[in-house]
$ cat run_34.cif   # mmCIF, C-alpha atoms
data_run
#
loop_
_atom_site.label_atom_id
_atom_site.label_comp_id
_atom_site.auth_asym_id
_atom_site.auth_seq_id
_atom_site.Cartn_x
_atom_site.Cartn_y
_atom_site.Cartn_z
CA MET A 633 -21.37 221.51 248.31
CA SER A 634 -18.14 220.71 250.12
CA TYR A 635 -16.29 217.49 249.42
CA ARG A 636 -16.87 216.46 253.05
CA ASN A 637 -20.65 216.84 252.72
CA GLY A 638 -20.67 215.04 249.40
CA LYS A 639 -18.63 212.16 250.76
CA LEU A 640 -20.81 211.80 253.85
CA PHE A 641 -23.95 211.75 251.71
CA LEU A 642 -22.50 209.13 249.36
CA GLU A 643 -21.36 206.97 252.27
CA SER A 644 -24.93 206.97 253.58
CA LYS A 645 -26.07 205.40 250.29
CA THR A 646 -23.24 203.19 249.01
CA HIS A 647 -19.65 202.04 249.46
CA VAL A 648 -17.09 204.77 248.73
CA ILE A 649 -13.38 204.28 248.06
CA GLU A 650 -11.08 207.30 248.27
CA LEU A 651 -7.78 207.95 246.57
CA ILE A 652 -5.80 210.55 248.57
CA ASN A 653 -2.38 212.16 248.45
CA GLU A 654 -0.45 214.31 250.92
CA PHE A 655 -1.16 217.53 249.00
CA GLY A 656 -4.93 217.56 249.57
CA ALA A 657 -6.09 215.78 246.40
CA ARG A 658 -9.04 213.47 246.94
CA VAL A 659 -11.06 211.33 244.54
CA ALA A 660 -14.22 209.46 245.58
CA VAL A 661 -15.16 206.31 243.64
CA CYS A 662 -18.36 204.24 244.03
CA PRO A 663 -17.69 200.67 242.78
CA ASP A 664 -21.31 199.54 243.24
CA TRP A 665 -22.53 202.46 241.12
CA ASN A 666 -20.86 201.17 237.97
CA GLY A 667 -17.41 202.19 239.15
CA ARG A 668 -18.27 205.88 238.95
CA VAL A 669 -15.78 208.53 239.92
CA MET A 670 -18.38 210.58 241.78
CA THR A 671 -16.42 213.64 242.82
CA SER A 672 -13.03 215.06 243.74
CA SER A 673 -11.35 217.88 245.65
CA CYS A 674 -8.02 219.68 245.32
CA ASP A 675 -8.15 221.29 248.78
CA GLY A 676 -8.65 218.38 251.12
CA ILE A 677 -11.77 217.15 252.86
CA ASP A 678 -13.24 220.66 253.25
CA GLY A 679 -12.53 221.78 249.68
CA ASP A 680 -15.18 222.19 247.00
CA SER A 681 -16.79 219.07 245.54
CA PHE A 682 -16.20 219.22 241.78
CA GLY A 683 -18.36 216.34 240.54
CA LEU A 684 -22.14 216.53 240.20
CA ILE A 685 -23.87 214.58 243.00
CA ARG A 686 -27.59 214.49 242.13
CA VAL A 687 -28.93 214.39 245.67
CA LYS A 688 -32.64 214.64 244.76
CA GLU A 689 -32.36 211.93 242.13
CA ILE A 690 -30.35 209.61 244.38
CA GLU A 691 -33.00 209.93 247.09
CA THR A 692 -35.92 209.09 244.79
CA ILE A 693 -34.71 207.01 241.84
CA ASP A 694 -35.75 203.41 241.21
CA PRO A 695 -32.55 201.40 241.79
CA HIS A 696 -33.69 198.86 239.15
CA SER A 697 -33.97 201.38 236.31
CA SER A 698 -31.66 200.94 233.30
CA TYR A 699 -29.90 204.26 233.96
CA LEU A 700 -29.27 205.58 237.44
CA ALA A 701 -29.13 209.37 237.25
CA TYR A 702 -26.67 209.68 240.11
CA GLY A 703 -24.26 212.05 238.38
CA GLY A 704 -20.52 211.64 238.72
CA GLU A 705 -17.32 213.03 237.20
CA VAL A 706 -16.55 209.96 235.08
CA GLN A 707 -19.21 207.36 234.28
CA PHE A 708 -18.74 204.24 232.17
CA SER A 709 -21.33 203.07 229.64
CA LEU A 710 -21.67 201.71 226.13
CA SER A 711 -23.21 203.42 223.13
CA PRO A 712 -25.46 203.69 221.13
CA ARG A 713 -28.57 203.63 223.26
CA ASN A 714 -31.07 203.81 220.38
CA GLY A 715 -31.56 202.81 216.78
CA PRO A 716 -31.73 199.31 215.28
CA CYS A 717 -28.54 198.26 217.06
CA GLY A 718 -29.21 200.26 220.23
CA LEU A 719 -28.70 198.83 223.70
CA HIS A 720 -31.37 200.74 225.62
CA GLY A 721 -34.28 198.67 226.90
CA THR A 722 -32.68 195.32 226.05
CA ALA A 723 -31.03 194.56 229.38
CA HIS A 724 -30.02 196.17 232.64
CA GLY A 725 -26.29 196.69 232.74
CA TYR A 726 -24.89 198.38 229.64
CA CYS A 727 -24.55 201.60 231.66
CA GLU A 728 -25.14 200.37 235.22
CA GLY A 729 -24.04 197.58 237.53
CA PRO A 730 -21.60 196.87 240.37
CA PHE A 731 -17.88 196.37 239.86
CA GLU A 732 -15.78 194.02 241.97
CA ILE A 733 -12.54 195.43 243.37
CA ASP A 734 -9.34 193.81 242.10
CA SER A 735 -6.70 195.92 243.86
CA ALA A 736 -5.40 195.91 247.43
CA PRO A 737 -6.36 198.84 249.72
CA THR A 738 -2.74 199.99 249.89
CA GLU A 739 -2.25 200.23 246.11
CA PRO A 740 -2.16 203.73 244.55
CA ILE A 741 -4.47 202.60 241.75
CA LEU A 742 -8.01 201.27 242.06
CA ARG A 743 -8.68 198.30 239.77
CA MET A 744 -12.21 197.01 239.21
CA ARG A 745 -13.85 194.36 237.03
CA ARG A 746 -17.24 193.06 236.03
CA VAL A 747 -18.75 190.64 233.51
CA LEU A 748 -21.45 191.91 231.17
CA HIS A 749 -23.88 189.84 229.07
CA ILE A 750 -26.21 192.00 226.97
CA ARG A 751 -27.86 192.10 223.56
CA ASN A 752 -28.85 194.89 221.21
CA GLN A 753 -32.22 195.65 219.63
CA ILE A 754 -31.71 193.23 216.72
CA GLY A 755 -30.74 190.38 219.04
CA MET A 756 -26.94 190.36 218.82
CA HIS A 757 -25.46 189.03 222.06
CA PHE A 758 -22.35 190.52 223.63
CA ASP A 759 -20.27 188.68 226.22
CA LEU A 760 -17.84 191.15 227.69
CA ASN A 761 -15.30 191.46 230.47
CA ILE A 762 -14.97 195.04 231.69
CA ARG A 763 -11.79 196.29 233.35
CA ARG A 764 -11.82 199.72 234.96
CA THR A 765 -9.00 201.64 236.64
CA VAL A 766 -8.79 204.93 238.53
CA LYS A 767 -5.51 206.41 239.71
CA LEU A 768 -4.28 209.69 241.12
CA LEU A 769 -1.74 211.48 238.96
CA ASN A 770 1.32 213.26 240.33
CA ALA A 771 3.09 216.24 238.78
CA GLY A 772 5.27 213.97 236.66
CA ASP A 773 2.22 212.21 235.23
CA VAL A 774 0.65 215.57 234.41
CA GLN A 775 3.85 216.56 232.62
CA ASP A 776 3.71 213.38 230.52
CA ILE A 777 0.11 214.07 229.51
CA PHE A 778 0.03 217.87 229.18
CA GLY A 779 3.66 218.94 228.92
CA HIS A 780 6.45 220.48 231.02
CA ASP A 781 4.97 224.01 231.07
CA ILE A 782 1.73 222.78 232.64
CA GLU A 783 3.58 220.75 235.26
CA ASP A 784 5.63 223.81 236.24
CA ALA A 785 2.50 225.95 236.61
CA ILE A 786 0.57 223.54 238.83
CA SER A 787 3.63 222.87 241.01
CA GLN A 788 3.73 226.46 242.29
CA GLU A 789 3.27 226.99 246.00
CA ASN A 790 0.02 228.97 245.67
CA VAL A 791 -1.65 226.42 243.38
CA SER A 792 -3.70 223.40 244.42
CA TYR A 793 -4.82 220.69 242.04
CA VAL A 794 -6.29 217.22 241.81
CA ALA A 795 -5.44 215.08 238.79
CA TYR A 796 -6.58 211.55 238.08
CA GLU A 797 -6.91 209.11 235.20
CA ALA A 798 -9.94 206.87 234.62
CA GLY A 799 -9.75 204.10 232.05
CA SER A 800 -12.14 201.43 230.80
CA THR A 801 -11.26 198.36 228.73
CA VAL A 802 -13.92 196.11 227.20
CA ILE A 803 -12.76 192.59 226.25
CA ASN A 804 -14.85 190.44 223.93
CA VAL A 805 -15.04 186.95 225.43
CA GLY A 806 -17.85 185.79 223.15
CA GLN A 807 -18.37 185.36 219.43
CA PRO A 808 -16.64 187.72 216.96
CA LEU A 809 -18.43 191.04 216.48
CA HIS A 810 -19.49 192.18 213.02
CA ARG A 811 -20.71 195.54 211.82
CA ASP A 812 -23.90 194.14 210.25
CA LYS A 813 -24.98 192.73 213.63
CA GLY A 814 -24.16 195.87 215.59
CA LEU A 815 -21.09 197.24 217.33
CA PHE A 816 -20.58 199.68 220.22
CA SER A 817 -18.40 202.53 221.44
CA ILE A 818 -17.32 203.16 225.02
CA ARG A 819 -18.89 206.33 226.37
CA ALA A 820 -17.32 208.26 229.25
CA ARG A 821 -19.74 210.84 230.68
CA SER A 822 -18.41 213.63 232.92
CA MET A 823 -20.95 215.72 234.85
CA PHE A 824 -20.06 218.88 236.75
CA ASN A 825 -21.92 221.55 238.72
CA ALA A 826 -23.17 224.34 236.49
CA GLY A 827 -23.27 228.00 237.50
CA PRO A 828 -23.65 231.54 236.18
CA ASN A 829 -19.87 232.03 236.04
CA VAL A 830 -18.87 228.77 234.34
CA ILE A 831 -17.60 228.78 230.73
CA VAL A 832 -16.86 225.59 228.78
CA ILE A 833 -13.98 225.67 226.25
CA ILE A 834 -14.06 223.28 223.29
CA PRO A 835 -11.10 223.49 220.87
CA PHE A 836 -11.78 222.81 217.17
CA ARG A 837 -9.43 222.06 214.30
CA ARG A 838 -11.14 224.78 212.26
CA LEU A 839 -14.17 226.97 212.77
CA VAL A 840 -17.04 228.06 210.57
CA ASP A 841 -18.10 231.65 210.00
CA GLU A 842 -21.49 231.36 211.62
CA PHE A 843 -23.24 228.99 214.01
CA GLY A 844 -25.88 226.93 212.25
CA GLY A 845 -24.63 228.29 208.93
CA GLY A 846 -26.43 225.67 206.88
CA GLU A 847 -27.47 222.07 206.73
CA HIS A 848 -23.93 220.99 205.81
CA SER A 849 -22.07 223.19 208.27
CA ASP A 850 -18.82 221.71 209.63
CA LEU A 851 -19.94 222.68 213.12
CA GLU A 852 -22.92 220.59 214.20
CA LEU A 853 -25.08 222.30 216.79
CA TYR A 854 -28.35 220.81 217.99
CA TYR A 855 -30.57 222.70 220.38
CA TYR A 856 -33.51 221.70 222.49
CA GLY A 857 -35.47 223.76 224.98
CA ARG A 858 -35.16 227.52 224.94
CA SER A 859 -33.12 229.36 222.35
CA PRO A 860 -29.41 229.35 223.21
CA ARG A 861 -28.98 233.01 222.27
CA GLY A 862 -25.82 234.33 223.92
CA MET A 863 -24.69 230.89 225.06
CA LEU A 864 -22.22 230.12 222.28
CA ARG A 865 -19.34 232.09 220.80
CA GLN A 866 -16.11 231.48 218.95
CA LEU A 867 -12.74 232.64 220.26
CA ASN A 868 -9.24 231.80 219.02
CA GLY A 869 -10.12 228.38 217.61
CA ASN A 870 -12.43 227.47 220.48
CA ILE A 871 -16.17 227.23 220.99
CA LEU A 872 -17.23 228.85 224.26
CA LEU A 873 -20.41 227.64 225.98
CA HIS A 874 -22.01 229.41 228.93
CA ALA A 875 -22.67 226.50 231.30
CA ASP A 876 -25.23 228.33 233.42
CA GLY A 877 -27.40 225.29 234.22
CA ARG A 878 -30.53 227.16 233.15
CA ARG A 879 -30.88 226.83 229.38
CA HIS A 880 -30.75 223.55 227.46
CA CYS A 881 -28.22 223.16 224.69
CA ALA A 882 -26.17 220.37 223.10
CA VAL A 883 -23.01 220.75 221.02
CA LEU A 884 -21.85 217.79 218.93
CA VAL A 885 -18.21 217.83 217.88
CA PRO A 886 -17.64 215.93 214.59
CA LYS A 887 -14.63 213.65 214.28
CA THR A 888 -13.27 215.90 211.53
CA GLN A 889 -13.13 218.78 214.04
CA ALA A 890 -12.29 217.13 217.34
CA GLN A 891 -9.29 217.79 219.56
CA PRO A 892 -8.30 215.44 222.43
CA VAL A 893 -8.66 218.13 225.11
CA TYR A 894 -11.52 220.24 226.45
CA GLY A 895 -12.38 221.96 229.69
CA SER A 896 -14.08 224.74 231.62
CA ILE A 897 -13.39 227.81 233.76
CA ASP A 898 -15.30 228.65 236.93
CA TYR A 899 -14.65 232.39 237.34
CA ARG A 900 -16.32 232.54 240.75
CA ALA A 901 -14.28 229.73 242.31
CA GLY A 902 -11.07 230.40 240.34
CA VAL A 903 -10.90 226.82 239.05
CA LEU A 904 -9.81 225.51 235.66
CA THR A 905 -10.95 222.00 234.69
CA ILE A 906 -9.06 220.19 231.92
CA VAL A 907 -9.95 216.80 230.43
CA ARG A 908 -7.82 214.93 227.90
CA PHE A 909 -8.86 211.63 226.30
CA ASN A 910 -7.18 209.16 223.95
CA LEU A 911 -8.41 210.46 220.60
CA PRO A 912 -6.69 208.70 217.64
CA ASN A 913 -4.29 210.77 215.53
CA GLU A 914 -6.66 210.62 212.57
CA PRO A 915 -10.13 210.20 214.10
CA GLU A 916 -11.84 210.70 210.72
CA ARG A 917 -10.56 207.24 209.72
CA PHE A 918 -12.56 205.59 212.51
CA GLU A 919 -16.24 204.96 213.11
CA TYR A 920 -17.94 206.16 216.29
CA LEU A 921 -21.34 205.14 217.63
CA SER A 922 -23.05 207.80 219.70
CA ASP A 923 -26.57 209.22 219.99
CA ARG A 924 -27.60 212.45 218.32
CA PRO A 925 -30.11 214.68 220.18
CA THR A 926 -32.85 215.87 217.83
CA LYS A 927 -33.95 219.50 217.59
CA GLN A 928 -37.55 218.60 218.36
CA SER A 929 -37.06 216.64 221.57
CA GLN A 930 -34.56 215.07 223.90
CA GLU A 931 -34.93 211.70 222.18
CA THR A 932 -31.82 210.44 220.43
CA THR A 933 -30.96 208.84 217.12
CA PRO A 934 -27.76 206.98 216.15
CA CYS A 935 -24.77 209.05 215.07
CA THR A 936 -21.51 207.76 213.57
CA GLU A 937 -19.63 211.03 213.12
CA SER A 938 -19.31 212.78 216.50
CA VAL A 939 -16.69 211.97 219.14
CA LEU A 940 -17.62 214.51 221.82
CA HIS A 941 -20.99 215.80 223.02
CA VAL A 942 -21.26 218.79 225.35
CA TYR A 943 -24.48 219.53 227.24
CA ASN A 944 -25.78 222.37 229.33
CA SER A 945 -28.91 221.36 231.23
CA GLY A 946 -30.87 222.73 234.15
CA ASP A 947 -34.13 222.60 236.02
CA ALA A 948 -37.19 221.60 234.02
CA PRO A 949 -40.15 222.54 236.27
CA ASP A 950 -42.72 222.09 233.49
CA THR A 951 -41.81 218.45 232.87
CA GLY A 952 -42.29 217.13 236.39
CA GLN A 953 -38.80 215.62 236.24
CA LEU A 954 -36.28 216.03 239.01
CA THR A 955 -33.13 217.64 237.67
CA SER A 956 -30.00 219.20 239.06
CA PRO A 957 -28.30 222.00 237.11
CA TYR A 958 -25.25 220.59 235.39
CA TYR A 959 -23.03 220.61 232.35
CA ALA A 960 -21.65 217.40 230.91
CA PHE A 961 -19.17 215.98 228.43
CA ASP A 962 -19.67 212.67 226.63
CA ALA A 963 -16.44 211.39 225.05
CA PHE A 964 -16.56 208.27 222.86
CA SER A 965 -14.07 205.62 221.80
CA PRO A 966 -13.95 204.36 218.22
CA THR A 967 -15.90 201.20 217.57
CA ALA A 968 -14.30 198.00 216.26
CA GLU A 969 -15.16 194.53 214.98
CA LEU A 970 -13.66 192.66 217.93
CA ALA A 971 -12.59 189.06 217.52
CA HIS A 972 -12.73 186.76 220.55
CA GLY A 973 -10.18 188.05 223.07
CA GLU A 974 -9.75 191.46 221.45
CA SER A 975 -10.46 194.65 223.39
CA LEU A 976 -11.51 198.27 223.11
CA SER A 977 -10.30 200.98 225.53
CA HIS A 978 -11.04 204.56 226.53
CA VAL A 979 -8.79 206.54 228.89
CA GLN A 980 -9.11 210.10 230.04
CA ALA A 981 -7.26 212.33 232.48
CA THR A 982 -9.11 214.97 234.50
CA VAL A 983 -7.35 217.88 236.22
CA HIS A 984 -8.92 220.57 238.42
CA VAL A 985 -6.61 223.52 239.16
CA SER A 986 -7.38 226.16 241.79
CA ALA A 987 -5.14 229.20 241.33
CA ASP A 988 -4.91 232.96 240.92
CA SER A 989 -6.02 234.55 237.64
CA LYS A 990 -2.43 234.97 236.39
CA THR A 991 -1.72 231.24 236.68
CA LEU A 992 -5.07 230.32 235.17
CA ASP A 993 -4.42 232.71 232.29
CA TYR A 994 -1.05 231.03 231.65
CA LEU A 995 -2.64 227.57 231.62
CA ILE A 996 -5.50 228.64 229.35
CA GLN A 997 -3.06 230.19 226.89
CA LYS A 998 -0.87 227.08 226.84
CA ILE A 999 -3.71 224.57 226.51
CA PHE A 1000 -6.40 226.44 224.57
CA ALA A 1001 -4.50 229.34 222.96
CA ALA A 1002 -7.05 231.63 224.61
CA ASN A 1003 -6.89 234.39 227.19
CA TYR A 1004 -8.48 234.39 230.66
CA GLU A 1005 -9.82 237.95 230.34
CA GLN A 1006 -10.86 237.50 226.71
CA VAL A 1007 -13.01 234.51 227.60
CA TYR A 1008 -14.59 236.39 230.48
CA ASN A 1009 -15.26 239.52 228.44
CA SER A 1010 -16.67 237.53 225.55
CA MET A 1011 -19.13 235.50 227.61
CA LEU A 1012 -19.83 237.24 230.92
CA ARG A 1013 -19.03 240.94 230.72
CA GLN A 1014 -22.26 241.89 228.97
CA GLU A 1015 -24.53 239.90 231.32
#
$ encode --input "run_34.cif" --output "structure tokens"
Amino acid sequence: MSYRNGKLFLESKTHVIELINEFGARVAVCPDWNGRVMTSSCDGIDGDSFGLIRVKEIETIDPHSSYLAYGGEVQFSLSPRNGPCGLHGTAHGYCEGPFEIDSAPTEPILRMRRVLHIRNQIGMHFDLNIRRTVKLLNAGDVQDIFGHDIEDAISQENVSYVAYEAGSTVINVGQPLHRDKGLFSIRARSMFNAGPNVIVIIPFRRLVDEFGGGEHSDLELYYYGRSPRGMLRQLNGNILLHADGRRHCAVLVPKTQAQPVYGSIDYRAGVLTIVRFNLPNEPERFEYLSDRPTKQSQETTPCTESVLHVYNSGDAPDTGQLTSPYYAFDAFSPTAELAHGESLSHVQATVHVSADSKTLDYLIQKIFAANYEQVYNSMLRQE
């Protein structure tokens, strides 16, 4: 889908705000759809649409459901959904709801806000002010986040890119929050279009010898659906996932293993996607509240150890559910016992780079210590 077609479809359903620069970068945000960054382009209005826009689901979904499966490059929600302190089923709004716009149309940053009153399964009430920002990043911003070498590479004449930062801050305006009554993490979900030539790269601090090497393996992998044979490999300190949008697989990255950056390569389109989020220096010292997919089903149970979930999901004709092939990243903030007036934040920068293979190879080596051809040969050459 082109960015133009995606934008026109979104505008037929909801209000869309665009952030644009003179170099062809475009970012489409839908304030009424929970402030979602829906999609982006690095080549102007007729460039490729990077974010997943779930057209079939948008056309048919109940707008009053607790989760609107619209897709989007960066979605805000709170976690966990399930368990004794879960938020799912207690109230509409923990992952959906309209944001009001706080910024002027001429400002380079989009500021949004909303008020959220919810409770968890054991009856703890949360009174929260949510602040959300989206801004385009220039080459200098990219340098600050990723380093001088990366800024030099994307500033070449034959390279196009779109870079933006999306941040969410949750302010407790109610009673103090305590662990025994239930806390929450901020979850940022990023959904992209899957394809036969897309490879996800997940850096780890250290790797194990074998996937699923035992109940206490450092690398936690949970599968559902068909066997993920051939989908996962290790390369130079990274886990590679074939994001084909056909087979179902989930990878949970423990806080003892996590790095603050991850991404993907689309070998057909010649696009590298890089995401960096504000992971603490010592994440193992913090508690996270996410949901762990079980091996038997797609139901979830609470998880306090993982900071990043990676999914590959596709059509499910036997279930009767409408699905669009996609791969997704869920990145979580630490949780905290917030006093009145205290806040919790999650910020992540997303960069899509369209370039020749030499430039992409340079970027992959600098960011992931991997090689463009090695990744391709490891995951796609034999298929």
$ residues_around --input "run_34.cif" --residues "stretch 703-708 of chain A" --least-positions-apart "4" --cutoff "8 Å" --atoms "all atoms listed in the file" --output "PyMOL selection string"
chain A and resi 666-671+682-686+727+798+800+818-824
$ resolve_selection --input "run_34.cif" --expression "the PyMOL selection byres ((chain A and resi 985) around 7)" --output "list of chain:residue names"
A:Ser792, A:Tyr793, A:Val794, A:Val903, A:Leu904, A:Thr905, A:Val983, A:His984, A:Ser986, A:Ala987
$ atom_distance --input "run_34.cif" --atom1 "atom CA of A:Pro966" --atom2 "atom CA of A:Glu919"
5.6 Å
$ residues_near_point --input "run_34.cif" --point "(-20.6, 239.6, 233.1)" --cutoff "12 Å" --atoms "only C-alpha atoms" --output "list of chain:residue names"
A:Pro828, A:Asn829, A:Val830, A:Ile831, A:Gly862, A:His874, A:Tyr899, A:Arg900, A:Glu1005, A:Gln1006, A:Val1007, A:Tyr1008, A:Asn1009, A:Ser1010, A:Met1011, A:Leu1012, A:Arg1013, A:Gln1014, A:Glu1015
$ closest_residue --input "run_34.cif" --among "A:Ala960, A:Leu768, A:Val805, A:Ala826" --to "A:Val747" --atoms "all atoms listed in the file"
A:Val805
$ residues_around --input "run_34.cif" --residues "A:Val791" --least-positions-apart "5" --cutoff "10 Å" --atoms "all atoms listed in the file" --output "list of chain:residue names"
A:Cys674, A:Asp675, A:Ala785, A:Ile786, A:Val985, A:Ser986, A:Ala987, A:Asp988, A:Thr991, A:Leu992
$ residues_around --input "run_34.cif" --residues "A:Ser644" --least-positions-apart "6" --cutoff "12 Å" --atoms "all atoms listed in the file" --output "ChimeraX atom specification"
/A:637-638,662,687,690-691
$ residues_around --input "run_34.cif" --residues "A:Pro835" --least-positions-apart "2" --cutoff "7 Å" --atoms "only C-alpha atoms" --output "MDAnalysis selection string"
chainID A and resid 833 837 869:871 891 894 1000
$ write_last_selection --input "run_34.cif" --atoms "C-alpha atoms" --output "mmCIF file, in the frame of the given file"
data_model
loop_
_atom_site.group_PDB
_atom_site.id
_atom_site.type_symbol
_atom_site.label_atom_id
_atom_site.label_comp_id
_atom_site.auth_asym_id
_atom_site.auth_seq_id
_atom_site.Cartn_x
_atom_site.Cartn_y
_atom_site.Cartn_z
ATOM 1 C CA ILE A 833 -13.980 225.670 226.250
ATOM 2 C CA ARG A 837 -9.430 222.060 214.300
ATOM 3 C CA GLY A 869 -10.120 228.380 217.610
ATOM 4 C CA ASN A 870 -12.430 227.470 220.480
ATOM 5 C CA ILE A 871 -16.170 227.230 220.990
ATOM 6 C CA GLN A 891 -9.290 217.790 219.560
ATOM 7 C CA TYR A 894 -11.520 220.240 226.450
ATOM 8 C CA PHE A 1000 -6.400 226.440 224.570
#
$ closest_residue --input "run_34.cif" --among "A:Gly679, A:Pro912, A:Pro730, A:Pro712" --to "A:Trp665" --atoms "only C-alpha atoms"
A:Pro730
$ resolve_selection --input "run_34.cif" --expression "the PyMOL selection byres ((chain A and resi 941) around 6)" --output "PyMOL selection string"
chain A and resi 883-884+940+942+961-962
$ resolve_selection --input "run_34.cif" --expression "the PyMOL selection byres ((chain A and resi 939) around 8)" --output "list of chain:residue names"
A:Leu884, A:Val885, A:Pro886, A:Lys887, A:Ala890, A:Tyr920, A:Ser922, A:Glu937, A:Ser938, A:Leu940, A:His941, A:Ala963, A:Phe964, A:Ser965
$ atom_distance --input "run_34.cif" --atom1 "atom CA of A:Ser945" --atom2 "atom CA of A:Ile750"
29.8 Å
$ closest_residue --input "run_34.cif" --among "A:Thr888, A:Ser709, A:Ser672, A:Thr982" --to "A:Thr801" --atoms "all atoms listed in the file"
A:Ser709
$ closest_residue --input "run_34.cif" --among "A:Ser977, A:Asn910, A:Ser989, A:Asn825" --to "A:Tyr959" --atoms "only C-alpha atoms"
A:Asn825
$ atom_distance --input "run_34.cif" --atom1 "atom CA of A:Leu867" --atom2 "atom CA of A:Thr936"
27.2 Å
$ residues_near_point --input "run_34.cif" --point "(-9.8, 193.4, 241.2)" --cutoff "12 Å" --atoms "all atoms listed in the file" --output "short mmCIF file (atom, residue, chain, number, x, y, z; two decimals) with C-alpha atoms, in the frame of the given file"
data_model
loop_
_atom_site.label_atom_id
_atom_site.label_comp_id
_atom_site.auth_asym_id
_atom_site.auth_seq_id
_atom_site.Cartn_x
_atom_site.Cartn_y
_atom_site.Cartn_z
CA PRO A 663 -17.69 200.67 242.78
CA GLY A 667 -17.41 202.19 239.15
CA PHE A 731 -17.88 196.37 239.86
CA GLU A 732 -15.78 194.02 241.97
CA ILE A 733 -12.54 195.43 243.37
CA ASP A 734 -9.34 193.81 242.10
CA SER A 735 -6.70 195.92 243.86
CA ALA A 736 -5.40 195.91 247.43
CA PRO A 737 -6.36 198.84 249.72
CA GLU A 739 -2.25 200.23 246.11
CA ILE A 741 -4.47 202.60 241.75
CA LEU A 742 -8.01 201.27 242.06
CA ARG A 743 -8.68 198.30 239.77
CA MET A 744 -12.21 197.01 239.21
CA ARG A 745 -13.85 194.36 237.03
CA ARG A 746 -17.24 193.06 236.03
CA ILE A 762 -14.97 195.04 231.69
CA ARG A 763 -11.79 196.29 233.35
CA ARG A 764 -11.82 199.72 234.96
CA THR A 765 -9.00 201.64 236.64
CA VAL A 766 -8.79 204.93 238.53
#
$ build_atoms --input "run_34.cif" --residues "stretch 903-918 of chain A" --atoms "N, CA and C atoms" --output "PDB file, in the frame of the given file"
ATOM      1  N   VAL A 903     -11.285 228.214 239.329  1.00  0.00           N
ATOM      2  CA  VAL A 903     -10.900 226.820 239.050  1.00  0.00           C
ATOM      3  C   VAL A 903     -10.940 226.567 237.556  1.00  0.00           C
ATOM      4  N   LEU A 904      -9.879 225.970 237.040  1.00  0.00           N
ATOM      5  CA  LEU A 904      -9.810 225.510 235.660  1.00  0.00           C
ATOM      6  C   LEU A 904      -9.901 223.993 235.662  1.00  0.00           C
ATOM      7  N   THR A 905     -10.813 223.444 234.865  1.00  0.00           N
ATOM      8  CA  THR A 905     -10.950 222.000 234.690  1.00  0.00           C
ATOM      9  C   THR A 905     -10.466 221.640 233.290  1.00  0.00           C
ATOM     10  N   ILE A 906      -9.610 220.635 233.194  1.00  0.00           N
ATOM     11  CA  ILE A 906      -9.060 220.190 231.920  1.00  0.00           C
ATOM     12  C   ILE A 906      -9.275 218.682 231.814  1.00  0.00           C
ATOM     13  N   VAL A 907      -9.775 218.235 230.677  1.00  0.00           N
ATOM     14  CA  VAL A 907      -9.950 216.800 230.430  1.00  0.00           C
ATOM     15  C   VAL A 907      -9.252 216.467 229.115  1.00  0.00           C
ATOM     16  N   ARG A 908      -8.480 215.410 229.126  1.00  0.00           N
ATOM     17  CA  ARG A 908      -7.820 214.930 227.900  1.00  0.00           C
ATOM     18  C   ARG A 908      -8.122 213.450 227.737  1.00  0.00           C
ATOM     19  N   PHE A 909      -8.543 213.032 226.531  1.00  0.00           N
ATOM     20  CA  PHE A 909      -8.860 211.630 226.300  1.00  0.00           C
ATOM     21  C   PHE A 909      -8.071 211.105 225.099  1.00  0.00           C
ATOM     22  N   ASN A 910      -8.046 209.781 224.954  1.00  0.00           N
ATOM     23  CA  ASN A 910      -7.180 209.160 223.950  1.00  0.00           C
ATOM     24  C   ASN A 910      -7.837 209.145 222.568  1.00  0.00           C
ATOM     25  N   LEU A 911      -7.906 210.318 221.966  1.00  0.00           N
ATOM     26  CA  LEU A 911      -8.410 210.460 220.600  1.00  0.00           C
ATOM     27  C   LEU A 911      -7.335 209.981 219.624  1.00  0.00           C
ATOM     28  N   PRO A 912      -7.691 209.137 218.632  1.00  0.00           N
ATOM     29  CA  PRO A 912      -6.690 208.700 217.640  1.00  0.00           C
ATOM     30  C   PRO A 912      -6.120 209.887 216.872  1.00  0.00           C
ATOM     31  N   ASN A 913      -4.934 209.699 216.289  1.00  0.00           N
ATOM     32  CA  ASN A 913      -4.290 210.770 215.530  1.00  0.00           C
ATOM     33  C   ASN A 913      -5.120 211.219 214.336  1.00  0.00           C
ATOM     34  N   GLU A 914      -5.802 210.300 213.709  1.00  0.00           N
ATOM     35  CA  GLU A 914      -6.660 210.620 212.570  1.00  0.00           C
ATOM     36  C   GLU A 914      -8.060 210.083 212.843  1.00  0.00           C
ATOM     37  N   PRO A 915      -8.821 210.738 213.702  1.00  0.00           N
ATOM     38  CA  PRO A 915     -10.130 210.200 214.100  1.00  0.00           C
ATOM     39  C   PRO A 915     -11.105 210.041 212.941  1.00  0.00           C
ATOM     40  N   GLU A 916     -10.921 210.814 211.855  1.00  0.00           N
ATOM     41  CA  GLU A 916     -11.840 210.700 210.720  1.00  0.00           C
ATOM     42  C   GLU A 916     -11.744 209.342 210.033  1.00  0.00           C
ATOM     43  N   ARG A 917     -10.694 208.577 210.309  1.00  0.00           N
ATOM     44  CA  ARG A 917     -10.560 207.240 209.720  1.00  0.00           C
ATOM     45  C   ARG A 917     -11.348 206.195 210.489  1.00  0.00           C
ATOM     46  N   PHE A 918     -11.885 206.555 211.652  1.00  0.00           N
ATOM     47  CA  PHE A 918     -12.560 205.590 212.510  1.00  0.00           C
ATOM     48  C   PHE A 918     -14.067 205.855 212.527  1.00  0.00           C
TER      49      PHE A 918
END
